[in-house]
>>> print(open('final-v7.cif').read())   # mmCIF, C-alpha atoms
data_target
loop_
_atom_site.group_PDB
_atom_site.id
_atom_site.type_symbol
_atom_site.label_atom_id
_atom_site.label_comp_id
_atom_site.auth_asym_id
_atom_site.auth_seq_id
_atom_site.Cartn_x
_atom_site.Cartn_y
_atom_site.Cartn_z
ATOM 1 C CA MET A 1347 0.000 0.000 0.000
ATOM 2 C CA PRO A 1348 1.709 3.184 -1.132
ATOM 3 C CA ASP A 1349 1.791 6.342 0.938
ATOM 4 C CA ILE A 1350 0.366 9.226 -1.087
ATOM 5 C CA LEU A 1351 0.525 12.968 -0.314
ATOM 6 C CA PHE A 1352 -1.995 15.538 -1.585
ATOM 7 C CA ILE A 1353 -1.143 19.217 -1.214
ATOM 8 C CA GLN A 1354 -4.026 21.684 -1.200
ATOM 9 C CA PRO A 1355 -3.800 25.109 -2.866
ATOM 10 C CA ASP A 1356 -3.436 26.711 0.586
ATOM 11 C CA GLY A 1357 -0.487 24.440 1.430
ATOM 12 C CA ARG A 1358 -2.344 22.015 3.700
ATOM 13 C CA GLU A 1359 -1.125 18.471 3.293
ATOM 14 C CA GLN A 1360 -3.126 15.257 3.501
ATOM 15 C CA GLY A 1361 -1.265 12.009 3.396
ATOM 16 C CA PHE A 1362 -2.569 8.489 3.643
ATOM 17 C CA GLU A 1363 -1.896 4.898 2.723
ATOM 18 C CA ALA A 1364 -3.744 4.039 -0.481
ATOM 19 C CA PRO A 1365 -4.832 0.590 -1.624
ATOM 20 C CA VAL A 1366 -3.016 -0.965 -4.562
ATOM 21 C CA GLY A 1367 -5.065 -1.379 -7.735
ATOM 22 C CA VAL A 1368 -7.372 1.605 -7.346
ATOM 23 C CA SER A 1369 -7.074 4.897 -9.180
ATOM 24 C CA LEU A 1370 -5.544 7.887 -7.455
ATOM 25 C CA MET A 1371 -8.972 9.541 -7.803
ATOM 26 C CA HIS A 1372 -10.773 6.722 -5.971
ATOM 27 C CA ALA A 1373 -8.135 6.742 -3.233
ATOM 28 C CA ALA A 1374 -8.556 10.516 -2.842
ATOM 29 C CA ALA A 1375 -12.354 10.288 -2.763
ATOM 30 C CA GLY A 1376 -12.188 7.478 -0.235
ATOM 31 C CA HIS A 1377 -10.017 9.596 2.054
ATOM 32 C CA GLY A 1378 -12.067 12.776 1.681
ATOM 33 C CA VAL A 1379 -9.480 14.830 -0.175
ATOM 34 C CA ASP A 1380 -10.942 18.291 -0.775
ATOM 35 C CA GLY A 1381 -10.940 19.479 -4.359
ATOM 36 C CA ILE A 1382 -11.133 16.095 -6.078
ATOM 37 C CA VAL A 1383 -14.701 16.311 -7.378
ATOM 38 C CA ALA A 1384 -14.612 13.267 -9.680
ATOM 39 C CA GLU A 1385 -17.966 14.112 -11.175
ATOM 40 C CA CYS A 1386 -17.909 11.312 -13.783
ATOM 41 C CA GLY A 1387 -16.704 8.700 -11.294
ATOM 42 C CA GLY A 1388 -13.515 7.957 -13.191
ATOM 43 C CA SER A 1389 -14.915 7.266 -16.642
ATOM 44 C CA LEU A 1390 -12.718 9.862 -18.405
ATOM 45 C CA ARG A 1391 -15.716 12.055 -19.235
ATOM 46 C CA CYS A 1392 -14.809 15.175 -17.247
ATOM 47 C CA ALA A 1393 -11.725 16.857 -15.865
ATOM 48 C CA THR A 1394 -12.825 17.306 -12.255
ATOM 49 C CA CYS A 1395 -10.153 15.027 -10.823
ATOM 50 C CA HIS A 1396 -7.346 17.163 -12.266
ATOM 51 C CA VAL A 1397 -4.108 17.177 -10.257
ATOM 52 C CA TYR A 1398 -0.581 18.494 -10.660
ATOM 53 C CA VAL A 1399 1.910 15.679 -10.259
ATOM 54 C CA ASP A 1400 5.074 16.680 -8.430
ATOM 55 C CA PRO A 1401 7.781 17.228 -11.064
ATOM 56 C CA ALA A 1402 9.966 14.575 -9.405
ATOM 57 C CA TRP A 1403 7.201 12.067 -10.133
ATOM 58 C CA ALA A 1404 5.977 13.197 -13.543
ATOM 59 C CA GLY A 1405 8.467 11.123 -15.522
ATOM 60 C CA ARG A 1406 7.890 8.062 -13.377
ATOM 61 C CA LEU A 1407 4.240 7.692 -14.384
ATOM 62 C CA PRO A 1408 3.028 6.210 -17.656
ATOM 63 C CA PRO A 1409 2.314 8.978 -20.160
ATOM 64 C CA PRO A 1410 -1.265 10.199 -20.543
ATOM 65 C CA SER A 1411 -3.371 8.628 -23.281
ATOM 66 C CA ASP A 1412 -4.735 10.701 -26.158
ATOM 67 C CA ASP A 1413 -8.158 10.632 -24.461
ATOM 68 C CA GLU A 1414 -6.686 11.940 -21.208
ATOM 69 C CA LEU A 1415 -4.848 14.696 -23.086
ATOM 70 C CA ALA A 1416 -8.128 15.698 -24.742
ATOM 71 C CA MET A 1417 -9.865 15.951 -21.364
ATOM 72 C CA LEU A 1418 -6.939 17.876 -19.873
ATOM 73 C CA ALA A 1419 -7.626 20.552 -22.480
ATOM 74 C CA LEU A 1420 -10.898 21.185 -20.591
ATOM 75 C CA THR A 1421 -9.551 21.751 -17.081
ATOM 76 C CA ALA A 1422 -10.947 24.728 -15.190
ATOM 77 C CA ALA A 1423 -7.622 25.462 -13.491
ATOM 78 C CA GLU A 1424 -4.424 26.249 -15.332
ATOM 79 C CA ARG A 1425 -3.052 23.286 -17.209
ATOM 80 C CA ARG A 1426 0.593 22.633 -16.411
ATOM 81 C CA PRO A 1427 3.165 20.275 -17.936
ATOM 82 C CA THR A 1428 2.583 17.902 -15.000
ATOM 83 C CA SER A 1429 -1.236 18.035 -15.150
ATOM 84 C CA ARG A 1430 -2.932 14.650 -15.008
ATOM 85 C CA LEU A 1431 -6.384 13.269 -14.366
ATOM 86 C CA SER A 1432 -6.153 11.303 -11.148
ATOM 87 C CA CYS A 1433 -8.685 8.761 -12.455
ATOM 88 C CA GLN A 1434 -6.084 7.645 -15.002
ATOM 89 C CA ILE A 1435 -3.329 6.867 -12.488
ATOM 90 C CA ARG A 1436 -3.661 3.282 -11.177
ATOM 91 C CA LEU A 1437 -1.785 2.858 -7.934
ATOM 92 C CA ASP A 1438 0.718 0.119 -7.267
ATOM 93 C CA ALA A 1439 3.683 -0.343 -4.940
ATOM 94 C CA SER A 1440 5.907 1.741 -7.228
ATOM 95 C CA HIS A 1441 3.865 4.828 -6.290
ATOM 96 C CA GLN A 1442 5.200 4.839 -2.732
ATOM 97 C CA GLY A 1443 5.687 8.500 -1.804
ATOM 98 C CA LEU A 1444 3.727 9.955 -4.748
ATOM 99 C CA VAL A 1445 3.054 13.676 -4.275
ATOM 100 C CA VAL A 1446 0.320 15.585 -6.104
ATOM 101 C CA GLU A 1447 -1.081 19.075 -5.790
ATOM 102 C CA VAL A 1448 -4.801 19.820 -5.986
ATOM 103 C CA PRO A 1449 -5.601 22.763 -8.275
ATOM 104 C CA PRO A 1450 -7.516 25.748 -6.897
ATOM 105 C CA CYS A 1451 -10.716 24.807 -8.779
ATOM 106 C CA GLN A 1452 -12.261 21.973 -10.798
ATOM 107 C CA TYR A 1453 -15.162 23.963 -12.319
#
>>> encode(input="final-v7.cif", output="structure tokens")
Amino acid sequence: MPDILFIQPDGREQGFEAPVGVSLMHAAAGHGVDGIVAECGGSLRCATCHVYVDPAWAGRLPPPSDDELAMLALTAAERRPTSRLSCQIRLDASHQGLVVEVPPCQY
């Protein structure tokens, strides 16, 4: 079970142990992370689970699919080079210590 850290726009941190095999979005929702709306429930139909992956981690994740890139074009908050949809990141043991930042808005 990897330890994951979410950083809120105001700097508050929320860390927890996440189950292997679930998406980062489902782990966040299950731990009550503010700012991860996940309106479509992880079906890649919205961009309300947008996160900024810590630059140290960005290259360690599989690249986004074309569908994810298309949805990232619709984010309410600024899109950054490390922007990802948390529903598209499946957690496994290699994600131990993953750090992501929650954008200031999802709508």
>>> resolve_selection(input="final-v7.cif", expression="the PyMOL selection byres ((chain A and resi 1363) around 8)", output="list of chain:residue names")
A:Met1347, A:Pro1348, A:Asp1349, A:Ile1350, A:Gly1361, A:Phe1362, A:Ala1364, A:Pro1365
>>> residues_near_point(input="final-v7.cif", point="(-0.4, 2.5, -6.4)", cutoff="12 Å", atoms="all atoms listed in the file", output="number ranges by chain")
A: 1347-1350, 1362-1374, 1407, 1432, 1434-1445
>>> write_last_selection(input="final-v7.cif", atoms="C-alpha atoms", output="PDB file, keeping the file's coordinate frame")
ATOM      1  CA  MET A1347       0.000   0.000   0.000  1.00  0.00           C
ATOM      2  CA  PRO A1348       1.709   3.184  -1.132  1.00  0.00           C
ATOM      3  CA  ASP A1349       1.791   6.342   0.938  1.00  0.00           C
ATOM      4  CA  ILE A1350       0.366   9.226  -1.087  1.00  0.00           C
ATOM      5  CA  PHE A1362      -2.569   8.489   3.643  1.00  0.00           C
ATOM      6  CA  GLU A1363      -1.896   4.898   2.723  1.00  0.00           C
ATOM      7  CA  ALA A1364      -3.744   4.039  -0.481  1.00  0.00           C
ATOM      8  CA  PRO A1365      -4.832   0.590  -1.624  1.00  0.00           C
ATOM      9  CA  VAL A1366      -3.016  -0.965  -4.562  1.00  0.00           C
ATOM     10  CA  GLY A1367      -5.065  -1.379  -7.735  1.00  0.00           C
ATOM     11  CA  VAL A1368      -7.372   1.605  -7.346  1.00  0.00           C
ATOM     12  CA  SER A1369      -7.074   4.897  -9.180  1.00  0.00           C
ATOM     13  CA  LEU A1370      -5.544   7.887  -7.455  1.00  0.00           C
ATOM     14  CA  MET A1371      -8.972   9.541  -7.803  1.00  0.00           C
ATOM     15  CA  HIS A1372     -10.773   6.722  -5.971  1.00  0.00           C
ATOM     16  CA  ALA A1373      -8.135   6.742  -3.233  1.00  0.00           C
ATOM     17  CA  ALA A1374      -8.556  10.516  -2.842  1.00  0.00           C
ATOM     18  CA  LEU A1407       4.240   7.692 -14.384  1.00  0.00           C
ATOM     19  CA  SER A1432      -6.153  11.303 -11.148  1.00  0.00           C
ATOM     20  CA  GLN A1434      -6.084   7.645 -15.002  1.00  0.00           C
ATOM     21  CA  ILE A1435      -3.329   6.867 -12.488  1.00  0.00           C
ATOM     22  CA  ARG A1436      -3.661   3.282 -11.177  1.00  0.00           C
ATOM     23  CA  LEU A1437      -1.785   2.858  -7.934  1.00  0.00           C
ATOM     24  CA  ASP A1438       0.718   0.119  -7.267  1.00  0.00           C
ATOM     25  CA  ALA A1439       3.683  -0.343  -4.940  1.00  0.00           C
ATOM     26  CA  SER A1440       5.907   1.741  -7.228  1.00  0.00           C
ATOM     27  CA  HIS A1441       3.865   4.828  -6.290  1.00  0.00           C
ATOM     28  CA  GLN A1442       5.200   4.839  -2.732  1.00  0.00           C
ATOM     29  CA  GLY A1443       5.687   8.500  -1.804  1.00  0.00           C
ATOM     30  CA  LEU A1444       3.727   9.955  -4.748  1.00  0.00           C
ATOM     31  CA  VAL A1445       3.054  13.676  -4.275  1.00  0.00           C
TER      32      VAL A1445
END
>>> residues_around(input="final-v7.cif", residues="Ala1419 (chain A)", least_positions_apart="2", cutoff="12 Å", atoms="all atoms listed in the file", output="list in words")
Cys1392, Ala1393, Thr1394, His1396, Asp1412, Asp1413, Glu1414, Leu1415, Ala1416, Met1417, Thr1421, Ala1422, Ala1423, Glu1424, Arg1425, Arg1426, Pro1427, Ser1429, Arg1430 and Leu1431 of chain A
>>> closest_residue(input="final-v7.cif", among="A:Val1399, A:Cys1451, A:Cys1433, A:Leu1390", to="Ile1353 (chain A)", atoms="all atoms listed in the file")
A:Val1399
>>> atom_distance(input="final-v7.cif", atom1="CA of Asp1400 (chain A)", atom2="CA of Cys1386 (chain A)")
24.2 Å
>>> closest_residue(input="final-v7.cif", among="A:Gly1387, A:Asp1380, A:Ser1411, A:Arg1406", to="Gln1452 (chain A)", atoms="all atoms listed in the file")
A:Asp1380
>>> closest_residue(input="final-v7.cif", among="A:Glu1359, A:Pro1449, A:Arg1391, A:Phe1352", to="Ala1375 (chain A)", atoms="all atoms listed in the file")
A:Phe1352
